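Trainee: Next up is a structure, given as structure tokens.
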Amino acid sequence: MIPKALYWDEFADATINKLVRPERGDPLLILVDTSNDLVLAEACLAAAIRAGADAQLMIKQRCARGTASEPGPIVSNAILSSKLILTLADGVVRAPATIEARSKGTRLLSTNVEGVENYVVRALLDIDYEAMVRNAERIAKLWEETDICRVTSPQGTDISFKLRGRPGVVGDGALSEDGEVDFFPGAQVSIAPIEETINGTIVIDASDSVQGVVNSPYSFTLEGGVITDIEGGKEAAVMSNWLETRGDSKIYQLCHFSIGLNRQAGISGNMIEDERMLAAIDFGFGYQDPGLGGNVGLSPYHMDIMLATPTTYLDGKEMSGGGKLNDEFDFEEM
């Protein structure tokens with residue numbers, strides 16, 4: 001059941017006041033497309049106006065999944081004129097106008113509630129958000145101090161890479177720094193592994209951002225951070241074709257390694273939920289946010305693959321596995 005307007009009002013208030021955090025008079029763009037829930041969009045606009053922001057709501061054309069992020073001049077100019085952006089629409093985060101605006105300090109917060117409406121309400125309102133963020137900050141610090149990270153799974157994943165020297169980035173789902181982009185509800189921790197050290201096999205057993213929920217697991221083989229082989233059935237063939245037809249070699253390069261921390265999340269086929277499932281692992285390919293400090297760089301395309309219950313080892317010690325965090329690391333209850 002889709003949340004009623006009452007719950008969208010509560011959700012919108014929390015989104016604007018706890019996550020976007022506008023100051024009085026801040027130019028705030030709320031951006032949606034023709035497929036989005038306009039009741040939610042209008043609730044966010046009303047919440048932003050109540051918060052004192054100079055808020056505007058813009059509806060753009062829908063962006064098909066997997067297409068390059070290239071909004072037209074009207075949307076691009078609105079992005080460039082905004083200090084804060086809340087987007088419920090796809091095709092904005094990697095847009096050239098967004099990259100330019102971020103270089104000048106614009107902050108962007110993004111979500112996609114389609115099909116996961118009840119989840120996003122629970123994930124924001126029915127969790128100890130502060131404890132979750134503290135756990136995320138602990139993991140980021142652990143990763144920054146880790147030499148070798150290894151990920152395995154019962155389905156056959158076995159991949160390792162070096163982390164030390166790269167920043168751990170906490171995706172808490174809130175805007176706090178100029179030039180930031182984040183996704184909500186949080187939380188997730190991401191890092192860019194040292195590219196040339198990434199070697200092994202990833203078995204995609206949960207979902208991917210191209211097809212949604214994966215019914216028949218398939219595998220990537222990586223050498224030096226680059227996909228060199230794809231094996232499996234129909235879903236592997238679809239992914240292989242999608243990658244080939246992008247016409248961009250960077251989409252084969254692993255750009256981030258992430259873990260989810262929201263106990264309300266499961267696997268739905270929507271990455272806003274899947275990527276935040278507690279102890280689930282997300283590997284991203286293609287476009288690499290500059291804040292990760294990696295060497296892959298920018299691309300019009302990005303793709304994510306999900307592992308539901310893998311085991312993650314930090315220098316040989318199990319940090320997470322079976323959908324749980326290891327109590328020996330003193331994580332907080334959420």
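Note on naming: chains are A, B, ... as they come in the structure tokens, residues start from 1 per chain, ligands start from 1 in the order shown.
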Do you know which residues are at most 7 Å from stretch 38-48 of chain A counting only C-alpha atoms, after dropping those on the same chain fewer than 5 positions away, and could you put them as a list in words?

Mentor: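 So the residues in contact are Ala5, Trp8, Asp9, Ala12, Asp13, Ile16, Ile30, Ala53, Ala55 and Leu57 of chain A.
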
Trainee: Determine, counting only C-alpha atoms, which protein, DNA and RNA residues have an atom within 8 Å of an atom of stretch 74-81 of chain A; residues of the same chain fewer than 3 positions away are not included. Present the result as a VMD selection string.

Mentor: chain A and resid 27 29 60 71 85 97 to 98 100 to 101

Trainee: Taking a cut-off of 8 Å and counting only C-alpha atoms, can you build a table that, for each residue of stretch 205-233 of chain A near stretch 259-271 of chain A, reports the nearest atom pair and how far apart they are in Å (one decimal), sorted by chain then residue number, as JSON lines?

Mentor:
{"residue": "A:Ala206", "atom": "CA", "partner": "A:Ile267", "partner_atom": "CA", "distance": 6.7}
{"residue": "A:Ser207", "atom": "CA", "partner": "A:Gly269", "partner_atom": "CA", "distance": 5.7}
{"residue": "A:Asp208", "atom": "CA", "partner": "A:Gly269", "partner_atom": "CA", "distance": 7.1}
{"residue": "A:Ser209", "atom": "CA", "partner": "A:Met271", "partner_atom": "CA", "distance": 6.5}
{"residue": "A:Gln211", "atom": "CA", "partner": "A:Gly269", "partner_atom": "CA", "distance": 7.7}
{"residue": "A:Gly212", "atom": "CA", "partner": "A:Gly269", "partner_atom": "CA", "distance": 4.0}
{"residue": "A:Val213", "atom": "CA", "partner": "A:Gly269", "partner_atom": "CA", "distance": 4.5}

Trainee: Considering only C-alpha atoms, state which residue in the set A:Thr152, A:Ser82, A:Thr146, A:Thr201 is at the smallest distance from A:Pro167.

Mentor: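 Between A:Thr152, A:Ser82, A:Thr146, A:Thr201, the residue approaching A:Pro167 most closely is A:Thr146.
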
Trainee: Do you have the atom CA of A:Val189-atom CA of A:Glu177 distance handy?

Mentor: 16.5 Å

Trainee: Once you count only C-alpha atoms, what closest atom pair and distance in Å to one decimal does each residue of stretch 154-240 of chain A within 9 Å of stretch 310-313 of chain A have, with rows by chain and rising residue number, as JSON lines?

Mentor:
{"residue": "A:Pro154", "atom": "CA", "partner": "A:Pro310", "partner_atom": "CA", "distance": 7.4}
{"residue": "A:Gln155", "atom": "CA", "partner": "A:Pro310", "partner_atom": "CA", "distance": 8.8}
{"residue": "A:Thr157", "atom": "CA", "partner": "A:Pro310", "partner_atom": "CA", "distance": 8.0}

Trainee: Write down as a short mmCIF file (atom, residue, chain, number, x, y, z; two decimals) with all heavy atoms, in the first residue's frame the residues of stretch 96-216 of chain A whose backbone DSSP state falls under alpha helix (DSSP H).

Mentor:
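New file out_38.cif:
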data_model
loop_
_atom_site.label_atom_id
_atom_site.label_comp_id
_atom_site.auth_asym_id
_atom_site.auth_seq_id
_atom_site.Cartn_x
_atom_site.Cartn_y
_atom_site.Cartn_z
N PRO A 96 26.03 16.91 -16.68
CA PRO A 96 27.09 17.93 -16.73
C PRO A 96 26.76 19.17 -15.90
O PRO A 96 27.63 19.73 -15.23
CB PRO A 96 27.19 18.25 -18.22
CG PRO A 96 26.74 16.99 -18.90
CD PRO A 96 25.67 16.43 -18.02
N ALA A 97 25.50 19.62 -15.93
CA ALA A 97 25.12 20.79 -15.15
C ALA A 97 25.27 20.54 -13.66
O ALA A 97 25.67 21.43 -12.90
CB ALA A 97 23.68 21.20 -15.47
N THR A 98 24.95 19.32 -13.22
CA THR A 98 25.10 18.98 -11.81
C THR A 98 26.56 18.99 -11.40
O THR A 98 26.92 19.51 -10.33
CB THR A 98 24.47 17.61 -11.52
OG1 THR A 98 23.08 17.64 -11.86
CG2 THR A 98 24.62 17.24 -10.06
N ILE A 99 27.41 18.42 -12.22
CA ILE A 99 28.85 18.40 -11.92
C ILE A 99 29.39 19.82 -11.82
O ILE A 99 30.15 20.17 -10.91
CB ILE A 99 29.60 17.59 -12.99
CG1 ILE A 99 29.16 16.11 -12.93
CG2 ILE A 99 31.11 17.70 -12.80
CD1 ILE A 99 29.63 15.27 -14.09
N GLU A 100 28.97 20.69 -12.75
CA GLU A 100 29.40 22.09 -12.71
C GLU A 100 28.86 22.79 -11.48
O GLU A 100 29.60 23.53 -10.78
CB GLU A 100 28.94 22.82 -13.97
CG GLU A 100 29.37 24.28 -14.01
CD GLU A 100 28.90 25.01 -15.25
OE1 GLU A 100 28.44 24.35 -16.21
OE2 GLU A 100 28.96 26.27 -15.26
N ALA A 101 27.59 22.59 -11.18
CA ALA A 101 26.99 23.25 -10.02
C ALA A 101 27.67 22.79 -8.73
O ALA A 101 27.93 23.61 -7.83
CB ALA A 101 25.49 22.94 -9.97
N ARG A 102 27.97 21.51 -8.62
CA ARG A 102 28.63 21.00 -7.42
C ARG A 102 30.02 21.62 -7.24
O ARG A 102 30.46 21.86 -6.12
CB ARG A 102 28.75 19.49 -7.48
CG ARG A 102 27.42 18.75 -7.28
CD ARG A 102 27.63 17.25 -7.36
NE ARG A 102 28.55 16.80 -6.32
CZ ARG A 102 29.15 15.60 -6.33
NH1 ARG A 102 28.96 14.77 -7.34
NH2 ARG A 102 29.96 15.26 -5.35
N SER A 103 30.70 21.87 -8.36
CA SER A 103 32.02 22.49 -8.26
C SER A 103 31.95 23.89 -7.67
O SER A 103 32.95 24.42 -7.18
CB SER A 103 32.69 22.53 -9.65
OG SER A 103 32.07 23.51 -10.48
N GLU A 117 7.69 2.76 -1.62
CA GLU A 117 7.14 3.88 -0.86
C GLU A 117 7.09 3.57 0.64
O GLU A 117 7.48 4.41 1.47
CB GLU A 117 5.74 4.21 -1.37
CG GLU A 117 5.72 4.80 -2.77
CD GLU A 117 5.64 3.76 -3.88
OE1 GLU A 117 5.77 2.54 -3.58
OE2 GLU A 117 5.44 4.14 -5.04
N ASN A 118 6.61 2.41 1.01
CA ASN A 118 6.52 2.07 2.43
C ASN A 118 7.91 1.92 3.04
O ASN A 118 8.13 2.27 4.20
CB ASN A 118 5.71 0.79 2.63
CG ASN A 118 4.22 1.04 2.46
OD1 ASN A 118 3.68 1.99 3.00
ND2 ASN A 118 3.56 0.21 1.68
N TYR A 119 8.84 1.38 2.25
CA TYR A 119 10.21 1.25 2.76
C TYR A 119 10.82 2.60 3.12
O TYR A 119 11.40 2.76 4.20
CB TYR A 119 11.11 0.54 1.75
CG TYR A 119 12.57 0.84 2.01
CD1 TYR A 119 13.21 0.33 3.13
CD2 TYR A 119 13.28 1.71 1.17
CE1 TYR A 119 14.53 0.67 3.41
CE2 TYR A 119 14.60 2.03 1.45
CZ TYR A 119 15.22 1.51 2.56
OH TYR A 119 16.51 1.86 2.85
N VAL A 120 10.73 3.59 2.22
CA VAL A 120 11.41 4.84 2.50
C VAL A 120 10.84 5.53 3.73
O VAL A 120 11.58 6.19 4.48
CB VAL A 120 11.40 5.80 1.27
CG1 VAL A 120 12.17 5.20 0.11
CG2 VAL A 120 9.99 6.21 0.87
N VAL A 121 9.55 5.37 3.98
CA VAL A 121 8.96 5.94 5.19
C VAL A 121 9.54 5.26 6.42
O VAL A 121 9.99 5.91 7.37
CB VAL A 121 7.42 5.82 5.16
CG1 VAL A 121 6.82 6.20 6.51
CG2 VAL A 121 6.84 6.70 4.06
N ARG A 122 9.56 3.92 6.43
CA ARG A 122 10.11 3.19 7.57
C ARG A 122 11.59 3.49 7.77
O ARG A 122 12.07 3.67 8.89
CB ARG A 122 9.95 1.68 7.38
CG ARG A 122 8.52 1.18 7.31
CD ARG A 122 8.47 -0.34 7.46
NE ARG A 122 9.49 -1.02 6.70
CZ ARG A 122 9.38 -1.41 5.44
NH1 ARG A 122 8.26 -1.15 4.77
NH2 ARG A 122 10.36 -2.05 4.82
N ALA A 123 12.32 3.55 6.66
CA ALA A 123 13.77 3.71 6.73
C ALA A 123 14.19 5.07 7.26
O ALA A 123 15.31 5.23 7.78
CB ALA A 123 14.38 3.49 5.35
N LEU A 124 13.32 6.06 7.14
CA LEU A 124 13.62 7.39 7.65
C LEU A 124 13.01 7.63 9.02
O LEU A 124 13.65 8.24 9.90
CB LEU A 124 13.12 8.45 6.67
CG LEU A 124 13.38 9.92 7.04
CD1 LEU A 124 14.87 10.18 7.25
CD2 LEU A 124 12.83 10.85 5.97
N LEU A 125 11.80 7.13 9.24
CA LEU A 125 11.07 7.48 10.45
C LEU A 125 11.09 6.41 11.53
O LEU A 125 10.85 6.72 12.71
CB LEU A 125 9.61 7.79 10.10
CG LEU A 125 9.38 8.89 9.06
CD1 LEU A 125 7.89 9.07 8.81
CD2 LEU A 125 10.01 10.20 9.51
N TYR A 129 18.22 6.66 13.64
CA TYR A 129 19.05 7.18 12.55
C TYR A 129 20.44 7.59 13.04
O TYR A 129 21.45 7.35 12.37
CB TYR A 129 18.35 8.38 11.91
CG TYR A 129 18.55 8.48 10.40
CD1 TYR A 129 17.69 7.81 9.53
CD2 TYR A 129 19.58 9.24 9.87
CE1 TYR A 129 17.87 7.91 8.17
CE2 TYR A 129 19.75 9.34 8.49
CZ TYR A 129 18.90 8.67 7.65
OH TYR A 129 19.08 8.76 6.30
N GLU A 130 20.51 8.18 14.20
CA GLU A 130 21.79 8.65 14.73
C GLU A 130 22.73 7.48 15.01
O GLU A 130 23.93 7.54 14.71
CB GLU A 130 21.58 9.49 15.98
CG GLU A 130 20.93 10.85 15.73
CD GLU A 130 19.45 10.77 15.39
OE1 GLU A 130 18.82 9.72 15.71
OE2 GLU A 130 18.92 11.73 14.82
N ALA A 131 22.19 6.39 15.61
CA ALA A 131 23.02 5.21 15.87
C ALA A 131 23.51 4.59 14.57
O ALA A 131 24.66 4.15 14.47
CB ALA A 131 22.23 4.18 16.68
N MET A 132 22.64 4.55 13.55
CA MET A 132 23.03 4.02 12.25
C MET A 132 24.18 4.83 11.65
O MET A 132 25.15 4.27 11.12
CB MET A 132 21.83 4.02 11.30
CG MET A 132 22.12 3.50 9.90
SD MET A 132 20.62 3.40 8.88
CE MET A 132 20.10 5.13 8.83
N VAL A 133 24.11 6.14 11.76
CA VAL A 133 25.18 6.98 11.22
C VAL A 133 26.47 6.79 12.00
O VAL A 133 27.56 6.76 11.40
CB VAL A 133 24.74 8.46 11.22
CG1 VAL A 133 25.90 9.38 10.86
CG2 VAL A 133 23.58 8.67 10.24
N ARG A 134 26.38 6.62 13.31
CA ARG A 134 27.60 6.36 14.08
C ARG A 134 28.24 5.04 13.67
O ARG A 134 29.47 4.94 13.58
CB ARG A 134 27.28 6.37 15.57
CG ARG A 134 27.01 7.77 16.13
CD ARG A 134 27.00 7.76 17.65
NE ARG A 134 25.89 7.02 18.21
CZ ARG A 134 24.70 7.54 18.49
NH1 ARG A 134 24.46 8.83 18.25
NH2 ARG A 134 23.74 6.80 19.02
N ASN A 135 27.44 4.02 13.38
CA ASN A 135 27.99 2.76 12.88
C ASN A 135 28.67 2.97 11.53
O ASN A 135 29.73 2.39 11.25
CB ASN A 135 26.89 1.71 12.75
CG ASN A 135 26.47 1.12 14.08
OD1 ASN A 135 27.22 1.18 15.06
ND2 ASN A 135 25.29 0.54 14.13
N ALA A 136 28.05 3.78 10.69
CA ALA A 136 28.64 4.08 9.37
C ALA A 136 29.99 4.76 9.53
O ALA A 136 30.95 4.44 8.82
CB ALA A 136 27.68 4.95 8.56
N GLU A 137 30.05 5.71 10.43
CA GLU A 137 31.32 6.42 10.65
C GLU A 137 32.39 5.48 11.17
O GLU A 137 33.57 5.60 10.81
CB GLU A 137 31.09 7.57 11.63
CG GLU A 137 30.24 8.70 11.04
CD GLU A 137 29.78 9.71 12.06
OE1 GLU A 137 29.87 9.41 13.28
OE2 GLU A 137 29.32 10.80 11.65
N ARG A 138 32.00 4.51 12.00
CA ARG A 138 32.98 3.52 12.50
C ARG A 138 33.50 2.66 11.35
O ARG A 138 34.70 2.39 11.26
CB ARG A 138 32.35 2.66 13.58
CG ARG A 138 33.21 1.48 14.03
CD ARG A 138 33.05 1.14 15.48
NE ARG A 138 33.85 -0.01 15.88
CZ ARG A 138 35.17 0.00 16.01
NH1 ARG A 138 35.84 1.10 15.78
NH2 ARG A 138 35.81 -1.08 16.38
N ILE A 139 32.61 2.21 10.48
CA ILE A 139 33.04 1.39 9.35
C ILE A 139 33.96 2.17 8.42
O ILE A 139 34.99 1.66 7.95
CB ILE A 139 31.82 0.84 8.58
CG1 ILE A 139 31.12 -0.22 9.42
CG2 ILE A 139 32.24 0.25 7.22
CD1 ILE A 139 29.83 -0.73 8.82
N ALA A 140 33.63 3.43 8.16
CA ALA A 140 34.48 4.25 7.29
C ALA A 140 35.90 4.32 7.84
O ALA A 140 36.89 4.20 7.11
CB ALA A 140 33.89 5.65 7.14
N LYS A 141 36.01 4.50 9.16
CA LYS A 141 37.33 4.57 9.78
C LYS A 141 38.05 3.23 9.70
O LYS A 141 39.25 3.17 9.40
CB LYS A 141 37.20 5.01 11.24
CG LYS A 141 38.54 5.20 11.94
CD LYS A 141 38.36 5.72 13.35
CE LYS A 141 39.71 5.90 14.04
NZ LYS A 141 39.55 6.39 15.45
N LEU A 142 37.32 2.14 9.94
CA LEU A 142 37.92 0.80 9.84
C LEU A 142 38.46 0.55 8.44
O LEU A 142 39.56 0.03 8.27
CB LEU A 142 36.88 -0.26 10.19
CG LEU A 142 36.50 -0.41 11.66
CD1 LEU A 142 35.26 -1.30 11.80
CD2 LEU A 142 37.66 -1.01 12.45
N TRP A 143 37.67 0.93 7.43
CA TRP A 143 38.11 0.70 6.05
C TRP A 143 39.36 1.52 5.72
O TRP A 143 40.25 1.03 5.03
CB TRP A 143 36.97 1.04 5.09
CG TRP A 143 35.90 0.00 5.05
CD1 TRP A 143 35.83 -1.14 5.81
CD2 TRP A 143 34.74 -0.02 4.22
NE1 TRP A 143 34.69 -1.86 5.51
CE2 TRP A 143 34.01 -1.20 4.54
CE3 TRP A 143 34.24 0.84 3.26
CZ2 TRP A 143 32.82 -1.53 3.91
CZ3 TRP A 143 33.04 0.52 2.63
CH2 TRP A 143 32.34 -0.66 2.94
N GLU A 144 39.41 2.73 6.21
CA GLU A 144 40.58 3.57 5.93
C GLU A 144 41.85 2.98 6.54
O GLU A 144 42.96 3.26 6.06
CB GLU A 144 40.34 4.97 6.47
CG GLU A 144 39.29 5.75 5.69
CD GLU A 144 38.96 7.09 6.32
OE1 GLU A 144 39.37 7.31 7.48
OE2 GLU A 144 38.29 7.90 5.66
#

Trainee: List every residue of stretch 92-248 of chain A that DSSP, applied to the backbone of this structure, assigns to strand (DSSP E), and report them as a PyMOL selection string.

Mentor: chain A and resi 107-110+148-152+158-162+169-171+181-183+188-191+199-204+207-208+212-213+218-223+226-231

Trainee: With only C-alpha atoms as the atoms that count, which of A:Ala237, A:Met334, A:Ile159, A:Ala192 lies nearest to A:Val210?

Mentor: A:Ala237

Trainee: Nearest to A:Pro193: which of A:Gly293, A:Gly321, A:Gly171, A:Gly247 is it, counting only C-alpha atoms?

Mentor: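 For A:Pro193, the nearest of the given residues is A:Gly293.
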
Trainee: Quote the spacing between atom CA of A:Phe184 and atom CA of A:Leu19 in Å to one decimal place.

Mentor: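 Distance reported for this atom pair: 8.3 Å.
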
Trainee: Skip A:Thr197 itself and residues of its chain fewer than 4 positions away, then list as a list in words all residues within 12 Å of it, counting only C-alpha atoms.

Mentor: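 Returned residues: Asp147, Ile148, Cys149, Arg150, Ile159, Ser160, Phe161, Lys162, Leu163, Arg164, Ala192, Pro193, Leu222, Glu223, Gly224, Gly225, Val226 and Leu254 of chain A.
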
Trainee: Near stretch 249-252 of chain A, within 9 Å and counting only C-alpha atoms, which residues show up once chain neighbours fewer than 3 positions away are dropped, as a PDB file with N, CA and C atoms, in the first residue's frame?

Mentor:
ATOM      1  N   GLY A 225      40.751  -4.529 -11.478  1.00  0.00           N
ATOM      2  CA  GLY A 225      39.607  -3.637 -11.347  1.00  0.00           C
ATOM      3  C   GLY A 225      38.701  -3.546 -12.551  1.00  0.00           C
ATOM      4  N   VAL A 226      38.952  -4.367 -13.571  1.00  0.00           N
ATOM      5  CA  VAL A 226      38.177  -4.306 -14.818  1.00  0.00           C
ATOM      6  C   VAL A 226      37.470  -5.639 -15.062  1.00  0.00           C
ATOM      7  N   ILE A 227      36.204  -5.601 -15.457  1.00  0.00           N
ATOM      8  CA  ILE A 227      35.469  -6.811 -15.805  1.00  0.00           C
ATOM      9  C   ILE A 227      36.097  -7.430 -17.058  1.00  0.00           C
ATOM     10  N   THR A 228      36.542  -8.683 -16.945  1.00  0.00           N
ATOM     11  CA  THR A 228      37.144  -9.371 -18.085  1.00  0.00           C
ATOM     12  C   THR A 228      36.284 -10.511 -18.598  1.00  0.00           C
ATOM     13  N   LEU A 243      26.229  -3.471 -21.080  1.00  0.00           N
ATOM     14  CA  LEU A 243      27.569  -2.903 -20.938  1.00  0.00           C
ATOM     15  C   LEU A 243      28.173  -2.580 -22.308  1.00  0.00           C
ATOM     16  N   GLU A 244      28.044  -3.515 -23.236  1.00  0.00           N
ATOM     17  CA  GLU A 244      28.641  -3.325 -24.565  1.00  0.00           C
ATOM     18  C   GLU A 244      28.018  -2.155 -25.296  1.00  0.00           C
ATOM     19  N   ARG A 246      26.802   0.571 -24.141  1.00  0.00           N
ATOM     20  CA  ARG A 246      27.084   1.906 -23.603  1.00  0.00           C
ATOM     21  C   ARG A 246      28.162   2.603 -24.431  1.00  0.00           C
ATOM     22  N   CYS A 255      34.266   1.070  -9.511  1.00  0.00           N
ATOM     23  CA  CYS A 255      34.528   2.421  -9.016  1.00  0.00           C
ATOM     24  C   CYS A 255      34.236   2.599  -7.532  1.00  0.00           C
ATOM     25  N   PHE A 285      30.121   0.395 -10.819  1.00  0.00           N
ATOM     26  CA  PHE A 285      30.984   0.446 -11.999  1.00  0.00           C
ATOM     27  C   PHE A 285      30.668   1.710 -12.807  1.00  0.00           C
ATOM     28  N   GLY A 286      31.701   2.268 -13.436  1.00  0.00           N
ATOM     29  CA  GLY A 286      31.495   3.441 -14.275  1.00  0.00           C
ATOM     30  C   GLY A 286      31.717   4.727 -13.514  1.00  0.00           C
ATOM     31  N   TYR A 287      30.802   5.679 -13.686  1.00  0.00           N
ATOM     32  CA  TYR A 287      30.924   6.993 -13.063  1.00  0.00           C
ATOM     33  C   TYR A 287      31.367   6.884 -11.614  1.00  0.00           C
ATOM     34  N   VAL A 296      39.114   6.194 -11.528  1.00  0.00           N
ATOM     35  CA  VAL A 296      38.218   5.845 -12.638  1.00  0.00           C
ATOM     36  C   VAL A 296      37.706   7.107 -13.320  1.00  0.00           C
ATOM     37  N   GLY A 297      37.229   8.073 -12.530  1.00  0.00           N
ATOM     38  CA  GLY A 297      36.795   9.343 -13.098  1.00  0.00           C
ATOM     39  C   GLY A 297      35.342   9.362 -13.526  1.00  0.00           C
ATOM     40  N   LEU A 298      34.994  10.348 -14.333  1.00  0.00           N
ATOM     41  CA  LEU A 298      33.607  10.597 -14.712  1.00  0.00           C
ATOM     42  C   LEU A 298      33.192   9.784 -15.932  1.00  0.00           C
ATOM     43  N   SER A 299      31.897   9.518 -16.005  1.00  0.00           N
ATOM     44  CA  SER A 299      31.296   8.808 -17.135  1.00  0.00           C
ATOM     45  C   SER A 299      29.818   9.159 -17.159  1.00  0.00           C
ATOM     46  N   TYR A 301      27.608   7.046 -17.456  1.00  0.00           N
ATOM     47  CA  TYR A 301      26.915   5.834 -17.031  1.00  0.00           C
ATOM     48  C   TYR A 301      27.452   5.318 -15.703  1.00  0.00           C
ATOM     49  N   HIS A 302      26.550   4.675 -14.962  1.00  0.00           N
ATOM     50  CA  HIS A 302      26.917   4.020 -13.711  1.00  0.00           C
ATOM     51  C   HIS A 302      26.032   2.786 -13.560  1.00  0.00           C
ATOM     52  N   MET A 303      26.602   1.721 -13.001  1.00  0.00           N
ATOM     53  CA  MET A 303      25.856   0.483 -12.816  1.00  0.00           C
ATOM     54  C   MET A 303      26.251  -0.127 -11.480  1.00  0.00           C
TER      55      MET A 303
END

Trainee: Please determine, counting only C-alpha atoms, which residue among A:Arg62, A:Arg94, A:Lys234, A:Arg166 has the shortest atom-to-atom distance to A:Thr34.

Mentor: A:Arg62
